[in-house]
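As provided, protein_10.cif (mmCIF, C-alpha atoms) reads as follows.
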data_model
#
loop_
_atom_site.label_atom_id
_atom_site.label_comp_id
_atom_site.auth_asym_id
_atom_site.auth_seq_id
_atom_site.Cartn_x
_atom_site.Cartn_y
_atom_site.Cartn_z
CA MET A 123 -13.29 -2.89 34.76
CA ARG A 124 -11.26 -0.29 36.65
CA GLN A 125 -8.55 -2.79 37.57
CA PHE A 126 -7.95 -3.42 33.86
CA ARG A 127 -7.62 0.26 32.96
CA SER A 128 -4.10 0.37 34.39
CA MET A 129 -3.09 -2.20 31.78
CA VAL A 130 -3.80 0.38 29.07
CA TYR A 131 -1.26 2.89 30.38
CA PRO A 132 1.86 1.15 28.96
CA TYR A 133 0.28 1.11 25.50
CA VAL A 134 -0.71 4.76 25.77
CA LEU A 135 2.85 5.62 26.81
CA TRP A 136 4.25 3.57 23.92
CA ILE A 137 1.96 5.30 21.40
CA ALA A 138 2.88 8.70 22.80
CA ILE A 139 6.64 8.05 22.54
CA MET A 140 6.74 6.16 19.24
CA ILE A 141 3.94 7.87 17.28
CA VAL A 142 2.68 11.12 18.78
CA VAL A 143 6.04 12.69 19.65
CA PRO A 144 7.66 11.89 16.25
CA MET A 145 4.59 13.29 14.44
CA LEU A 146 4.78 16.48 16.51
CA MET A 147 8.48 16.77 15.66
CA ILE A 148 7.70 16.39 11.95
CA LEU A 149 4.99 19.03 12.28
CA LEU A 150 7.39 21.40 14.05
CA TYR A 151 10.19 20.92 11.52
CA ALA A 152 7.80 21.31 8.57
CA PHE A 153 6.65 24.77 9.67
CA THR A 154 10.02 26.14 10.79
CA ASN A 155 13.16 27.37 9.07
CA ALA A 156 16.31 25.33 8.63
CA GLY A 157 18.92 25.19 11.31
CA ASN A 158 19.06 24.78 15.07
CA ASP A 159 20.00 28.33 15.97
CA VAL A 160 17.41 29.60 18.47
CA THR A 161 18.08 33.23 17.51
CA THR A 162 17.01 32.59 13.89
CA PHE A 163 14.21 30.17 14.72
CA ARG A 164 10.92 31.21 13.09
CA PHE A 165 7.73 29.72 11.69
CA THR A 166 7.45 29.73 7.92
CA LEU A 167 5.67 28.18 4.94
CA GLU A 168 8.79 28.27 2.79
CA ASN A 169 9.25 24.50 2.90
CA PHE A 170 5.81 23.92 1.38
CA GLY A 171 6.30 26.72 -1.13
CA ARG A 172 9.59 25.17 -2.20
CA PHE A 173 7.86 21.86 -2.88
CA PHE A 174 4.86 23.19 -4.82
CA SER A 175 6.90 25.72 -6.80
CA ASP A 176 9.38 23.14 -8.12
CA ALA A 177 8.12 21.18 -11.14
CA VAL A 178 10.57 18.37 -10.41
CA PHE A 179 9.03 17.57 -7.05
CA LEU A 180 5.51 17.81 -8.48
CA ASP A 181 6.48 15.37 -11.24
CA VAL A 182 7.85 12.97 -8.62
CA LEU A 183 4.61 13.23 -6.63
CA LYS A 184 2.54 12.61 -9.77
CA ARG A 185 4.70 9.62 -10.69
CA SER A 186 4.38 8.20 -7.17
CA LEU A 187 0.59 8.49 -7.24
CA MET A 188 0.37 6.90 -10.68
CA ILE A 189 2.62 3.99 -9.66
CA ALA A 190 0.52 3.45 -6.52
CA ILE A 191 -2.71 3.58 -8.54
CA TRP A 192 -1.43 1.12 -11.13
CA THR A 193 -0.19 -1.19 -8.38
CA THR A 194 -3.58 -1.07 -6.67
CA ILE A 195 -5.47 -1.74 -9.92
CA VAL A 196 -3.29 -4.74 -10.78
CA CYS A 197 -3.64 -6.11 -7.25
CA VAL A 198 -7.44 -5.84 -7.48
CA LEU A 199 -7.59 -7.46 -10.92
CA LEU A 200 -5.32 -10.33 -9.86
CA GLY A 201 -6.31 -10.60 -6.22
CA TYR A 202 -10.09 -10.77 -6.60
CA PRO A 203 -10.19 -13.89 -8.84
CA ILE A 204 -7.65 -15.62 -6.58
CA ALA A 205 -9.59 -14.76 -3.42
CA TYR A 206 -12.86 -15.82 -5.09
CA ALA A 207 -11.38 -19.15 -6.19
CA ILE A 208 -10.12 -19.85 -2.68
CA ALA A 209 -13.39 -18.82 -1.00
CA THR A 210 -15.52 -20.94 -3.31
CA GLY A 211 -13.11 -23.88 -3.49
CA PRO A 212 -13.02 -27.08 -1.44
CA GLU A 213 -12.82 -26.57 2.31
CA LYS A 214 -9.81 -28.89 2.65
CA SER A 215 -7.66 -26.84 0.28
CA LYS A 216 -8.49 -23.35 1.61
CA MET A 217 -5.95 -23.38 4.43
CA PHE A 218 -3.27 -24.67 2.05
CA TRP A 219 -3.76 -21.82 -0.42
CA ILE A 220 -3.95 -19.21 2.34
CA LEU A 221 -0.65 -20.59 3.64
CA MET A 222 0.90 -20.38 0.16
CA ILE A 223 -0.16 -16.73 -0.10
CA THR A 224 1.07 -15.71 3.34
CA LEU A 225 4.27 -17.79 3.26
CA PRO A 226 6.33 -15.22 1.26
CA THR A 227 5.41 -12.53 3.80
CA TRP A 228 7.35 -14.47 6.43
CA ILE A 229 10.52 -13.44 4.59
CA ASN A 230 11.82 -9.89 4.94
CA MET A 231 10.45 -7.61 2.21
CA LEU A 232 13.90 -6.31 1.37
CA VAL A 233 15.18 -9.85 0.74
CA ARG A 234 12.17 -10.66 -1.44
CA THR A 235 12.73 -7.51 -3.49
CA TYR A 236 16.42 -8.32 -3.93
CA ALA A 237 15.38 -11.67 -5.42
CA TRP A 238 13.59 -9.86 -8.23
CA VAL A 239 16.82 -8.09 -9.15
CA GLY A 240 18.31 -11.43 -10.16
CA ILE A 241 15.13 -12.47 -11.94
CA LEU A 242 14.63 -9.31 -14.02
CA GLN A 243 18.22 -8.57 -15.04
CA ASP A 244 19.17 -8.74 -18.72
CA ASP A 245 20.89 -12.06 -18.05
CA GLY A 246 18.47 -13.04 -15.30
CA LEU A 247 16.29 -16.09 -14.87
CA LEU A 248 13.28 -14.66 -16.72
CA ASN A 249 15.25 -13.71 -19.84
CA LYS A 250 17.03 -17.07 -19.80
CA PHE A 251 13.66 -18.83 -19.64
CA LEU A 252 12.28 -16.73 -22.50
CA GLY A 253 15.47 -17.43 -24.44
CA LEU A 254 14.56 -21.12 -24.49
CA PHE A 255 11.66 -20.16 -26.77
CA GLY A 256 13.70 -17.74 -28.86
CA ILE A 257 12.17 -14.69 -27.20
CA GLY A 258 14.06 -11.66 -25.88
CA PRO A 259 16.16 -10.71 -24.12
CA PHE A 260 14.14 -7.81 -22.74
CA HIS A 261 15.41 -4.92 -20.66
CA MET A 262 13.16 -4.99 -17.58
CA MET A 263 15.30 -3.60 -14.78
CA TYR A 264 15.07 0.10 -13.91
CA THR A 265 11.69 0.48 -15.60
CA THR A 266 8.15 1.25 -14.49
CA PHE A 267 7.30 -2.40 -15.17
CA ALA A 268 9.91 -3.61 -12.68
CA VAL A 269 8.76 -1.18 -9.97
CA VAL A 270 5.06 -2.05 -10.38
CA LEU A 271 5.88 -5.77 -10.49
CA GLY A 272 7.90 -5.52 -7.28
CA MET A 273 5.14 -3.63 -5.51
CA VAL A 274 2.40 -5.99 -6.73
CA TYR A 275 4.41 -8.99 -5.57
CA ASN A 276 4.97 -7.51 -2.12
CA PHE A 277 1.50 -6.08 -1.51
CA ILE A 278 -0.94 -8.43 -3.27
CA PRO A 279 -1.24 -10.81 -0.27
CA PHE A 280 -2.93 -7.99 1.67
CA MET A 281 -5.48 -7.59 -1.12
CA ILE A 282 -6.20 -11.31 -1.40
CA LEU A 283 -6.62 -11.85 2.33
CA GLN A 284 -8.98 -8.89 2.76
CA ILE A 285 -11.21 -9.93 -0.15
CA HIS A 286 -11.16 -13.57 0.94
CA THR A 287 -12.28 -12.57 4.44
CA SER A 288 -15.30 -10.69 3.03
CA LEU A 289 -16.21 -13.56 0.71
CA ALA A 290 -15.83 -16.15 3.46
CA LYS A 291 -18.15 -14.20 5.79
CA MET A 292 -20.82 -13.74 3.12
CA ASP A 293 -24.17 -15.38 3.86
CA LYS A 294 -24.56 -18.13 1.26
CA SER A 295 -28.34 -18.09 1.68
CA PHE A 296 -28.43 -14.96 -0.48
CA LEU A 297 -27.01 -16.93 -3.39
CA GLU A 298 -29.46 -19.75 -2.80
CA ALA A 299 -32.35 -17.28 -2.78
CA ALA A 300 -31.11 -15.69 -6.00
CA SER A 301 -30.87 -19.10 -7.63
CA ASP A 302 -34.41 -19.96 -6.56
CA LEU A 303 -35.61 -16.69 -8.13
CA GLY A 304 -34.03 -17.63 -11.45
CA ALA A 305 -30.77 -15.68 -11.37
CA ASN A 306 -27.83 -17.24 -13.19
CA ARG A 307 -24.27 -17.31 -11.80
CA ILE A 308 -23.26 -14.05 -13.47
CA GLN A 309 -26.31 -12.21 -12.17
CA SER A 310 -25.79 -13.61 -8.68
CA PHE A 311 -22.17 -12.50 -8.73
CA LEU A 312 -22.89 -8.98 -9.97
CA HIS A 313 -25.86 -8.30 -7.68
CA ILE A 314 -24.90 -10.23 -4.53
CA THR A 315 -21.30 -11.45 -4.33
CA LEU A 316 -19.60 -8.34 -5.70
CA PRO A 317 -21.53 -5.78 -3.57
CA LEU A 318 -21.10 -7.82 -0.39
CA SER A 319 -17.36 -8.21 -1.03
CA LEU A 320 -16.77 -4.48 -1.64
CA PRO A 321 -15.77 -3.81 2.00
CA GLY A 322 -12.94 -6.32 1.60
CA VAL A 323 -11.95 -4.77 -1.74
CA LEU A 324 -11.85 -1.29 -0.21
CA SER A 325 -9.83 -2.52 2.76
CA GLY A 326 -7.41 -4.20 0.35
CA ILE A 327 -7.13 -1.00 -1.69
CA THR A 328 -6.21 0.89 1.47
CA LEU A 329 -3.60 -1.68 2.53
CA VAL A 330 -2.02 -1.66 -0.95
CA PHE A 331 -2.22 2.00 -1.94
CA LEU A 332 -0.84 3.47 1.29
CA PRO A 333 2.48 1.55 1.37
CA ALA A 334 2.82 1.74 -2.43
CA VAL A 335 2.60 5.53 -2.59
CA SER A 336 5.25 5.97 0.13
CA SER A 337 7.57 3.05 -0.71
CA PHE A 338 11.22 3.97 -1.20
CA PHE A 339 13.39 0.84 -1.28
CA ILE A 340 11.39 -1.03 -3.97
CA PRO A 341 11.84 1.76 -6.57
CA LYS A 342 15.41 2.21 -5.35
CA LEU A 343 16.29 -1.44 -6.01
CA LEU A 344 14.17 -2.18 -9.08
CA GLY A 345 13.96 1.32 -10.53
CA GLY A 346 17.58 2.30 -10.06
CA GLY A 347 18.93 5.66 -9.02
CA GLN A 348 17.29 7.39 -11.97
CA TYR A 349 13.80 6.23 -10.99
CA VAL A 350 12.79 8.43 -8.08
CA LEU A 351 9.50 8.35 -6.18
CA ILE A 352 8.36 10.58 -3.36
CA GLY A 353 9.58 8.11 -0.74
CA ASN A 354 13.09 8.34 -2.20
CA VAL A 355 12.94 12.15 -2.04
CA ILE A 356 11.98 12.04 1.64
CA GLU A 357 14.75 9.54 2.38
CA THR A 358 17.29 11.75 0.59
CA GLN A 359 16.25 14.87 2.50
CA PHE A 360 16.60 13.15 5.87
CA LEU A 361 19.62 10.90 5.35
CA THR A 362 21.66 12.53 2.57
CA SER A 363 20.91 16.24 2.41
CA GLY A 364 20.20 16.59 6.10
CA ASP A 365 17.38 19.03 5.37
CA TRP A 366 14.94 17.80 7.99
CA ASN A 367 12.67 20.81 7.58
CA PHE A 368 12.02 20.21 3.89
CA GLY A 369 11.84 16.44 4.41
CA SER A 370 9.28 16.94 7.17
CA ALA A 371 7.20 19.19 4.93
CA ILE A 372 7.11 16.54 2.20
CA SER A 373 6.26 13.88 4.80
CA LEU A 374 3.40 16.04 6.06
CA ILE A 375 2.09 16.52 2.52
CA MET A 376 2.13 12.76 1.99
CA ALA A 377 0.42 12.22 5.34
CA ILE A 378 -2.39 14.56 4.27
CA ILE A 379 -2.75 12.74 0.93
CA ILE A 380 -2.87 9.39 2.73
CA MET A 381 -5.46 10.61 5.23
CA LEU A 382 -7.61 11.99 2.39
CA SER A 383 -7.44 8.67 0.55
CA MET A 384 -8.40 6.82 3.74
CA TYR A 385 -11.32 9.21 4.28
CA LEU A 386 -12.58 8.73 0.71
CA THR A 387 -12.25 4.95 0.98
CA LYS A 388 -14.11 4.95 4.29
CA LYS A 389 -16.81 7.19 2.83
CA VAL A 390 -17.38 4.78 -0.06
CA ASP A 391 -17.37 1.83 2.33
CA THR A 392 -20.06 3.36 4.55
CA ASP A 393 -22.24 4.52 1.65
CA PRO A 394 -25.14 2.03 1.39
CA ALA A 395 -25.76 2.87 -2.22
CA ALA A 396 -22.12 2.16 -3.06
CA ASN A 397 -21.71 -1.24 -1.46
CA GLY A 398 -25.09 -2.64 -2.26
CA ARG A 399 -26.41 -2.77 1.30
CA GLY A 400 -29.05 -0.06 0.84
CA GLU A 401 -32.71 -0.90 0.84
#
Encoded form (structure tokens):
Amino acid sequence: MRQFRSMVYPYVLWIAIMIVVPMLMILLYAFTNAGNDVTTFRFTLENFGRFFSDAVFLDVLKRSLMIAIWTTIVCVLLGYPIAYAIATGPEKSKMFWILMITLPTWINMLVRTYAWVGILQDDGLLNKFLGLFGIGPFHMMYTTFAVVLGMVYNFIPFMILQIHTSLAKMDKSFLEAASDLGANRIQSFLHITLPLSLPGVLSGITLVFLPAVSSFFIPKLLGGGQYVLIGNVIETQFLTSGDWNFGSAISLIMAIIIMLSMYLTKKVDTDPAANGRGE
């Protein structure tokens, strides 16, 4: 095994350069004052105080969390039935439907989001289609609906694939045993299928919530300049305002929120009473 340990070193070096060092830089900037003058360099909590004392930034954070939560809920409600239908469908068609779900992800996410701009505009394809039935037109661009729709479209494949994996690995003998004991399909689903698929649901929630809460170009394109989420604030601080200290502080706050959400998700996943694996 020792001869293979040397193969790990390039990956460790890559992680150190591309992940550890940037995170340390963000940590340093977040707890220091603005500017590069060594004579005025000092550690401070002013960047965090500025964020939590400004109602505007707190409203943006609240809006970002709500958008991420709504996106996650919609992805669960839509993704679970789709994953269940694929997992319980004919074997010959499973690979086809998995391909159809993953095919859009082969295209750059920015390009896919741009496509929705043309679809949701006042004179876009969706309003023209509704106009054939005498409905509309509706103003959909630069709204919460457009932002959530764009995020659901981009992130729902992650939810479907995670749930499908859990359902596909499920031991079918449990369902046969439940049927032999007199359980109907609804009872079998609620007491066997749903609990055993919860790890996939929780993994899907993680993979959807984390990018949704920090996304910046989806709300920028579909929400317009007036629809700002926390990702847009961070982008502005780094690229427009040039206030790396404040931008780093916000990034660190979001990192803590993300790590807490991952911890809570993992805690639920490993709780036997929560996922139905307890005795």
Would you kindly translate the PyMOL selection byres ((chain A and resi 181-195) around 6) into the concrete residues it picks from this file, as a PyMOL selection string?
-> chain A and resi 178-180+196-198+270+274+330-331+334-335+351-352
List, as a PyMOL selection string, every residue that the PyMOL selection byres ((chain A and resi 143-155) around 9) selects in the file provided.
-> chain A and resi 137-142+156-158+162-170+366-374
Chain and number of each residue from the PyMOL selection byres ((chain A and resi 259) around 6), as an MDAnalysis selection string | chainID A and resid 249 258 260
Interatomic distance between CA of Ala209 in chain A and CA of Thr315 in chain A?
-> 11.3 Å
What is the CA of Leu386 in chain A to CA of Ile327 in chain A distance in Å?
->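 Separation between CA of Leu386 in chain A and CA of Ile327 in chain A: 11.4 Å.
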Restricting to all atoms listed in the file, whichever of A:Ser310, A:Gln284, A:Ser295, A:Ser325 is closest to Gly201 in chain A is A:Gln284
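Taking CA of Gly171 in chain A as the reference point, CA of Thr266 in chain A is found at 28.8 Å.
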Around all the atoms of range 332-350 of chain A listed in the file, draw an axis-aligned box and extend it by 3 Å on each of the six sides; I want its centre and edge lengths in Å to one decimal, as JSON.
{"center_x": 9.0, "center_y": 3.1, "center_z": -5.3, "size_x": 25.8, "size_y": 16.6, "size_z": 19.3}
Top pick for closest residue to Phe277 in chain A, considering A:Met292, A:Met231, A:Leu343, A:Leu297 and counting all atoms listed in the file |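 Closest to Phe277 in chain A of all the choices is A:Met231.
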With a distance cut-off of 9 Å and only C-alpha atoms, select the neighbouring residues of Ile208 in chain A, excluding the residue or stretch itself and same-chain residues fewer than 5 positions from it, and output the selection as a PyMOL selection string.
-> chain A and resi 203+213+215-217+219-220+286
Nearest to Met273 in chain A, restricted to only C-alpha atoms and choosing among A:Ile375, A:Ala305, A:Ile257, A:Ile340, comes out as A:Ile340
With a distance cut-off of 7 Å and all atoms listed in the file, select the neighbouring residues of Gly322 in chain A, excluding the residue or stretch itself and same-chain residues fewer than 2 positions from it, and output the selection as a PDB file with C-alpha atoms, keeping the file's coordinate frame.
ATOM      1  CA  GLN A 284      -8.980  -8.890   2.760  1.00  0.00           C
ATOM      2  CA  ILE A 285     -11.210  -9.930  -0.150  1.00  0.00           C
ATOM      3  CA  THR A 287     -12.280 -12.570   4.440  1.00  0.00           C
ATOM      4  CA  SER A 288     -15.300 -10.690   3.030  1.00  0.00           C
ATOM      5  CA  SER A 319     -17.360  -8.210  -1.030  1.00  0.00           C
ATOM      6  CA  LEU A 320     -16.770  -4.480  -1.640  1.00  0.00           C
ATOM      7  CA  LEU A 324     -11.850  -1.290  -0.210  1.00  0.00           C
ATOM      8  CA  SER A 325      -9.830  -2.520   2.760  1.00  0.00           C
ATOM      9  CA  GLY A 326      -7.410  -4.200   0.350  1.00  0.00           C
TER      10      GLY A 326
END
